[in-house]
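Chemist: Structure file model_6.cif (mmCIF, C-alpha atoms) right here:
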```cif
data_my_file
#
loop_
_atom_site.label_atom_id
_atom_site.label_comp_id
_atom_site.auth_asym_id
_atom_site.auth_seq_id
_atom_site.Cartn_x
_atom_site.Cartn_y
_atom_site.Cartn_z
CA MET E 1402 -20.82 -10.96 -33.38
CA PRO E 1403 -21.60 -9.92 -36.94
CA TYR E 1404 -19.42 -11.28 -39.74
CA PRO E 1405 -17.58 -9.06 -42.23
CA GLU E 1406 -20.07 -7.65 -44.67
CA LEU E 1407 -17.92 -8.86 -47.53
CA MET E 1408 -18.73 -12.44 -46.53
CA ILE E 1409 -22.40 -11.76 -46.04
CA ALA E 1410 -23.14 -9.74 -49.16
CA PRO E 1411 -23.45 -12.72 -51.54
CA MET E 1412 -25.85 -14.42 -49.10
CA ARG E 1413 -27.98 -11.31 -48.94
CA ALA E 1414 -27.95 -11.02 -52.72
CA GLU E 1415 -28.95 -14.66 -53.16
CA VAL E 1416 -32.27 -13.71 -51.55
CA THR E 1417 -32.81 -10.10 -52.61
CA ARG E 1418 -32.26 -10.91 -56.28
CA LEU E 1419 -35.41 -13.01 -56.02
CA GLY E 1420 -37.39 -9.86 -55.37
CA VAL E 1421 -37.46 -10.29 -51.60
CA GLN E 1422 -37.17 -6.99 -49.72
CA GLU E 1423 -34.40 -6.89 -47.15
CA LEU E 1424 -35.19 -5.30 -43.78
CA LYS E 1425 -32.07 -3.92 -42.13
CA THR E 1426 -33.48 -1.62 -39.47
CA VAL E 1427 -36.25 -1.63 -36.90
CA ASP E 1428 -38.02 1.03 -38.91
CA ASP E 1429 -37.81 -1.16 -42.02
CA VAL E 1430 -39.39 -4.00 -40.08
CA ASP E 1431 -42.19 -1.92 -38.65
CA ALA E 1432 -42.95 -0.46 -42.04
CA ALA E 1433 -43.15 -3.93 -43.57
CA LEU E 1434 -44.87 -5.87 -40.79
CA GLY E 1435 -46.68 -3.20 -38.85
CA THR E 1436 -49.62 -3.25 -41.20
CA ALA E 1437 -51.44 -6.46 -40.52
CA GLU E 1438 -53.39 -6.89 -43.74
CA GLY E 1439 -52.73 -9.58 -46.32
CA THR E 1440 -50.02 -12.19 -46.58
CA THR E 1441 -46.35 -11.63 -45.84
CA PHE E 1442 -43.56 -14.16 -46.15
CA VAL E 1443 -40.58 -13.62 -43.85
CA PHE E 1444 -37.32 -15.38 -44.65
CA VAL E 1445 -34.79 -15.31 -41.79
CA ASN E 1446 -31.46 -15.57 -43.55
CA SER E 1447 -28.38 -16.95 -41.85
CA MET E 1448 -24.66 -17.29 -42.26
CA CYS E 1449 -24.85 -20.93 -41.24
CA GLY E 1450 -23.79 -23.15 -44.08
CA CYS E 1451 -25.30 -26.22 -42.44
CA ALA E 1452 -28.85 -25.11 -43.11
CA ALA E 1453 -28.97 -21.76 -44.86
CA GLY E 1454 -26.93 -23.20 -47.69
CA GLY E 1455 -30.00 -25.27 -48.48
CA ALA E 1456 -32.65 -22.76 -47.52
CA ARG E 1457 -31.66 -20.03 -49.96
CA PRO E 1458 -31.71 -22.26 -53.06
CA ALA E 1459 -34.98 -23.69 -51.75
CA LEU E 1460 -36.50 -20.24 -51.65
CA ALA E 1461 -35.41 -19.65 -55.25
CA LYS E 1462 -36.99 -22.94 -56.33
CA ALA E 1463 -40.18 -22.20 -54.45
CA LEU E 1464 -40.59 -18.76 -55.96
CA ALA E 1465 -39.91 -20.15 -59.41
CA THR E 1466 -42.59 -22.82 -59.11
CA ALA E 1467 -45.30 -21.54 -56.76
CA ALA E 1468 -48.61 -20.90 -58.48
CA VAL E 1469 -49.58 -18.40 -55.80
CA LYS E 1470 -47.33 -16.17 -53.71
CA PRO E 1471 -47.73 -13.88 -50.73
CA ALA E 1472 -48.51 -10.24 -51.32
CA LYS E 1473 -45.25 -9.25 -49.64
CA MET E 1474 -41.92 -11.05 -49.21
CA VAL E 1475 -39.26 -9.79 -46.83
CA THR E 1476 -36.01 -11.02 -45.37
CA VAL E 1477 -33.82 -10.24 -42.41
CA PHE E 1478 -30.29 -11.46 -41.74
CA ALA E 1479 -29.98 -13.11 -38.32
CA GLY E 1480 -26.69 -12.65 -36.51
CA GLN E 1481 -25.94 -9.67 -38.71
CA ASP E 1482 -28.76 -7.15 -38.56
CA LEU E 1483 -29.40 -7.78 -34.89
CA ASP E 1484 -31.97 -5.10 -34.09
CA ALA E 1485 -33.99 -5.77 -37.20
CA THR E 1486 -33.97 -9.50 -36.52
CA ALA E 1487 -35.10 -9.01 -32.94
CA ARG E 1488 -37.90 -6.79 -34.17
CA VAL E 1489 -39.03 -9.34 -36.73
CA ARG E 1490 -39.17 -11.96 -34.00
CA SER E 1491 -41.42 -9.69 -31.97
CA TYR E 1492 -44.01 -10.17 -34.70
CA LEU E 1493 -43.78 -13.97 -34.57
CA GLY E 1494 -45.58 -14.60 -31.30
CA GLU E 1495 -44.72 -17.84 -29.52
CA TYR E 1496 -42.45 -19.06 -32.31
CA GLN E 1497 -38.91 -19.49 -31.07
CA PRO E 1498 -35.99 -17.78 -32.74
CA SER E 1499 -34.01 -19.88 -35.14
CA SER E 1500 -32.14 -19.26 -38.32
CA PRO E 1501 -32.53 -19.96 -41.05
CA SER E 1502 -36.28 -20.14 -40.78
CA ALA E 1503 -39.32 -18.84 -42.57
CA ALA E 1504 -42.74 -17.62 -41.53
CA LEU E 1505 -45.89 -16.84 -43.40
CA LEU E 1506 -48.12 -14.24 -41.80
CA LYS E 1507 -51.71 -13.60 -42.75
CA ASN E 1508 -53.38 -10.50 -41.38
CA GLY E 1509 -50.64 -10.28 -38.77
CA GLU E 1510 -50.90 -13.88 -37.54
CA VAL E 1511 -48.35 -16.60 -38.17
CA VAL E 1512 -50.14 -19.23 -40.26
CA ALA E 1513 -47.11 -21.31 -41.26
CA PHE E 1514 -43.61 -21.62 -39.92
CA ILE E 1515 -40.63 -23.56 -41.21
CA HIS E 1516 -38.15 -24.01 -38.41
CA ARG E 1517 -34.45 -24.52 -38.76
CA HIS E 1518 -34.87 -28.11 -37.63
CA GLU E 1519 -37.18 -28.65 -40.61
CA ILE E 1520 -34.50 -27.31 -42.94
CA GLU E 1521 -31.39 -29.08 -41.64
CA GLY E 1522 -30.32 -32.06 -43.67
CA ARG E 1523 -33.11 -31.63 -46.22
CA SER E 1524 -32.63 -31.01 -49.90
CA PRO E 1525 -33.57 -27.66 -51.42
CA GLU E 1526 -36.35 -29.48 -53.26
CA MET E 1527 -37.87 -30.72 -50.02
CA ILE E 1528 -37.65 -27.32 -48.36
CA ALA E 1529 -39.08 -25.65 -51.47
CA ALA E 1530 -42.02 -28.02 -51.38
CA ALA E 1531 -42.78 -26.97 -47.82
CA ILE E 1532 -42.67 -23.30 -48.80
CA VAL E 1533 -44.92 -23.88 -51.81
CA THR E 1534 -47.39 -25.82 -49.67
CA ALA E 1535 -47.57 -22.91 -47.24
CA PHE E 1536 -48.17 -20.46 -50.09
CA GLU E 1537 -50.85 -22.61 -51.69
CA THR E 1538 -52.60 -23.23 -48.39
CA HIS E 1539 -52.72 -19.65 -47.20
CA CYS E 1540 -52.25 -17.31 -50.16
CA ALA E 1541 -54.83 -18.61 -52.63
CA MET O 444 -21.79 -23.61 -49.40
CA VAL O 445 -20.74 -25.33 -46.17
CA LEU O 446 -18.86 -23.05 -43.82
CA HIS O 447 -18.04 -25.52 -41.09
CA PRO O 448 -15.42 -27.86 -42.53
CA GLY O 449 -13.86 -30.37 -40.19
CA HIS O 450 -16.89 -30.92 -37.99
CA ASP O 451 -18.68 -34.22 -37.63
CA GLU O 452 -21.85 -34.95 -39.55
CA LEU O 453 -24.19 -33.92 -36.74
CA HIS O 454 -22.63 -30.49 -36.40
CA GLY O 455 -25.34 -27.85 -36.65
CA ILE O 456 -28.17 -30.38 -36.62
CA THR O 457 -30.98 -30.18 -34.08
CA VAL O 458 -30.97 -33.43 -32.14
CA LEU O 459 -32.78 -35.15 -29.31
CA ILE O 460 -30.50 -36.71 -26.74
CA GLU O 461 -31.61 -39.17 -24.09
CA GLY O 462 -29.83 -38.78 -20.77
CA ALA O 463 -29.02 -41.47 -18.22
CA SER O 464 -30.66 -39.26 -15.62
CA GLY O 465 -33.97 -39.41 -17.48
CA ARG O 466 -33.55 -35.90 -18.81
CA THR O 467 -34.26 -35.22 -22.47
CA TYR O 468 -32.21 -32.63 -24.30
CA VAL O 469 -33.14 -30.93 -27.58
CA GLY O 470 -30.71 -28.56 -29.19
CA ARG O 471 -28.08 -28.18 -31.87
CA TRP O 472 -25.21 -30.62 -31.78
CA HIS O 473 -21.93 -28.73 -31.90
CA GLU O 474 -19.31 -31.39 -31.33
CA ARG O 475 -18.37 -34.41 -29.27
CA GLN O 476 -15.46 -34.00 -26.90
CA GLU O 477 -13.91 -36.33 -24.34
CA ARG O 478 -15.87 -34.60 -21.58
CA GLY O 479 -19.19 -34.93 -23.42
CA VAL O 480 -21.34 -33.47 -26.16
CA VAL O 481 -21.21 -29.74 -26.67
CA MET O 482 -24.64 -28.39 -27.57
CA ARG O 483 -25.92 -25.02 -28.68
CA ASP O 484 -29.31 -23.41 -28.01
CA THR O 485 -30.60 -26.29 -25.94
CA THR O 486 -33.72 -26.93 -23.94
CA ILE O 487 -34.06 -29.66 -21.33
CA LEU O 488 -37.01 -31.67 -20.08
CA GLU O 489 -36.68 -32.96 -16.55
CA PRO O 490 -37.92 -36.50 -15.74
CA GLY O 491 -41.54 -36.81 -14.69
CA ASN O 492 -42.90 -34.27 -17.14
CA ASP O 493 -45.15 -34.98 -20.12
CA ARG O 494 -42.57 -35.66 -22.78
CA GLU O 495 -44.95 -36.06 -25.71
CA ALA O 496 -46.66 -32.75 -25.00
CA TRP O 497 -43.28 -31.08 -24.63
CA LEU O 498 -42.02 -32.50 -27.91
CA ALA O 499 -45.23 -31.53 -29.69
CA LYS O 500 -44.80 -27.95 -28.50
CA LEU O 501 -41.20 -27.89 -29.67
CA ARG O 502 -42.20 -29.20 -33.08
CA LYS O 503 -44.86 -26.52 -33.48
CA PHE O 504 -43.14 -23.51 -31.98
CA GLY O 505 -39.47 -24.42 -32.22
CA VAL O 506 -36.74 -25.02 -29.69
CA PRO O 507 -36.33 -22.30 -27.06
CA PRO O 508 -32.63 -21.48 -26.79
CA GLU O 509 -32.55 -21.70 -23.00
CA HIS O 510 -28.90 -22.72 -22.85
CA LYS O 511 -26.74 -20.98 -25.44
CA SER O 512 -23.88 -23.39 -24.86
CA PHE O 513 -24.20 -26.56 -22.86
CA VAL O 514 -22.20 -29.73 -22.28
CA ILE O 515 -23.94 -33.04 -21.75
CA PRO O 516 -21.40 -35.05 -19.76
CA ALA O 517 -20.18 -38.24 -21.40
CA ALA O 518 -21.62 -40.34 -18.55
CA GLU O 519 -25.03 -38.76 -19.09
CA PHE O 520 -25.17 -39.40 -22.82
CA VAL O 521 -27.28 -42.43 -23.76
CA SER O 522 -28.43 -41.93 -27.35
CA VAL O 523 -28.93 -39.31 -30.02
CA GLY O 524 -31.38 -38.91 -32.86
CA LYS O 525 -32.31 -36.13 -35.24
CA PHE O 526 -35.13 -34.06 -33.77
#
```
Translate this structure into structure tokens?
Modeler:
Amino acid sequence: MPYPELMIAPMRAEVTRLGVQELKTVDDVDAALGTAEGTTFVFVNSMCGCAAGGARPALAKALATAAVKPAKMVTVFAGQDLDATARVRSYLGEYQPSSPSAALLKNGEVVAFIHRHEIEGRSPEMIAAAIVTAFETHCA
Amino acid sequence: MVLHPGHDELHGITVLIEGASGRTYVGRWHERQERGVVMRDTTILEPGNDREAWLAKLRKFGVPPEHKSFVIPAAEFVSVGKF
């Protein structure tokens, strides 16, 4: 069940203020991911303080330090924007749903994925390093 | 910001639990109760299957949330580690 938007808004803003486009509808998702060319980073945001509380600052650190970045960066809020999240997951092939998580797509294929279990208990610096590595490996 | 005050330190963490039956459980630890461990979004490997291949697939593709909420009975619980 979605949480009150008042609670969620700051968590959305923590990501969108980084220049990441938020996808709130199925049409938004199809417009962003339906074209398979180039690199797209997908950040699956989450209410969960256990892991998302580290993932969002990690994304900020990664974007501040990465020498190369994907052509497109988008985000969807799991547990909140349900249809949009389900649609995003339809683009992620065999990768299982989890949140928070992050995927890097290149020409429509998932080339890197950071699962929730790779976020839990890790510092923002460690998570940021994984994001930067994905960018540098696949976006150069 | 932590939004789950009052839970134990494994709350919300993806763990691997060994069962006395030989089953292996991977999912998110919710809490320990007298009756057992309450898990979320859990997948289970039955004994006799290729555990290493199963774990490798989970590490690459993630944990399929086959059981949204699941209790591992206290008598079944052997050990827990972070996945």
Chemist: I need the residue set behind the PyMOL selection byres ((chain E) within 9 of (chain O)) for this file; please write it as a ChimeraX atom specification.
Modeler: /E:1448-1455,1495-1499,1514,1516-1519,1521-1522
Chemist: Once 6 Å is added on each side, what are the centre and the three edge lengths, in Å to one decimal, of the axis-aligned box enclosing the listed atoms of segment 465-473 of chain O? Present them as lines of an AutoDock Vina configuration file.
Modeler:
```
center_x = -28.1
center_y = -33.8
center_z = -24.7
size_x = 24.3
size_y = 23.2
size_z = 26.4
```
Chemist: Step by step: start from the point (-29.0, -40.5, -16.2) in the file's coordinates, keep every protein, DNA or RNA residue that has an atom no farther than 9 Å from it, count only C-alpha atoms, and write the set as a short mmCIF file (atom, residue, chain, number, x, y, z; two decimals) with C-alpha atoms, in the coordinates of the input.
Modeler:
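Just written: out_31.cif:
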```cif
data_model
loop_
_atom_site.label_atom_id
_atom_site.label_comp_id
_atom_site.auth_asym_id
_atom_site.auth_seq_id
_atom_site.Cartn_x
_atom_site.Cartn_y
_atom_site.Cartn_z
CA GLU O 461 -31.61 -39.17 -24.09
CA GLY O 462 -29.83 -38.78 -20.77
CA ALA O 463 -29.02 -41.47 -18.22
CA SER O 464 -30.66 -39.26 -15.62
CA GLY O 465 -33.97 -39.41 -17.48
CA ARG O 466 -33.55 -35.90 -18.81
CA ALA O 518 -21.62 -40.34 -18.55
CA GLU O 519 -25.03 -38.76 -19.09
CA PHE O 520 -25.17 -39.40 -22.82
CA VAL O 521 -27.28 -42.43 -23.76
#
```
Chemist: Extract, using only C-alpha atoms, all DNA, RNA and protein residues at most 12 Å from segment 1473-1475 of chain E, discarding same-chain residues fewer than 2 positions from it, and format them as a ChimeraX atom specification.
Modeler: /E:1413,1416-1425,1429-1434,1436-1446,1460,1464,1469-1471,1477-1478,1485-1486,1489,1503-1508,1536,1540
Chemist: Name the residues, using the chain letters and numbers of the file, that sit within 10 Å of (-41.0, -26.6, -54.2) when counting only C-alpha atoms, and give them as a PyMOL selection string.
Modeler: chain E and resi 1459-1467+1525-1534
Chemist: Hey, can you check how far atom CA of Ser1524 of chain E sits from atom CA of Glu474 of chain O?
Modeler: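 Computed distance, atom CA of Ser1524 of chain E to atom CA of Glu474 of chain O, equals 22.9 Å.
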Chemist: Which residues would end up in the selection if the PyMOL selection byres ((chain O and resi 515) around 9) were applied here, given that I need the answer as a ChimeraX atom specification?
Modeler: /O:462,468,478-482,513-514,516-520
Chemist: For His510 of chain O, which residue among O:Gln476, O:Thr486, O:Val469, O:Leu459 is the nearest when counting all atoms listed in the file?
Modeler: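 Checking each of O:Gln476, O:Thr486, O:Val469, O:Leu459 against His510 of chain O, counting all atoms listed in the file, the winner is O:Thr486.
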Chemist: Might you pull out every residue within 12 Å of Glu1406 of chain E, with all atoms listed in the file counted and same-chain residues fewer than 3 positions away left off, and present them as a list in words?
Modeler: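 Contacts, with the query itself left out: Met1402, Pro1403, Ile1409, Ala1410, Pro1411, Met1412, Arg1413, Ala1414, Met1448, Phe1478, Gly1480, Gln1481 and Asp1482 of chain E.
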Chemist: Would you mind reading off the distance between atom CA of Ala496 of chain O and atom CA of Ser522 of chain O, one decimal, in Å?
Modeler: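 Taking atom CA of Ala496 of chain O and atom CA of Ser522 of chain O, their separation equals 20.5 Å.
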Chemist: Please, what distance in Å, to one decimal, runs between atom CA of Ser512 of chain O and atom CA of Asp493 of chain O?
Modeler: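 Atom-to-atom, atom CA of Ser512 of chain O to atom CA of Asp493 of chain O, that is 24.7 Å.
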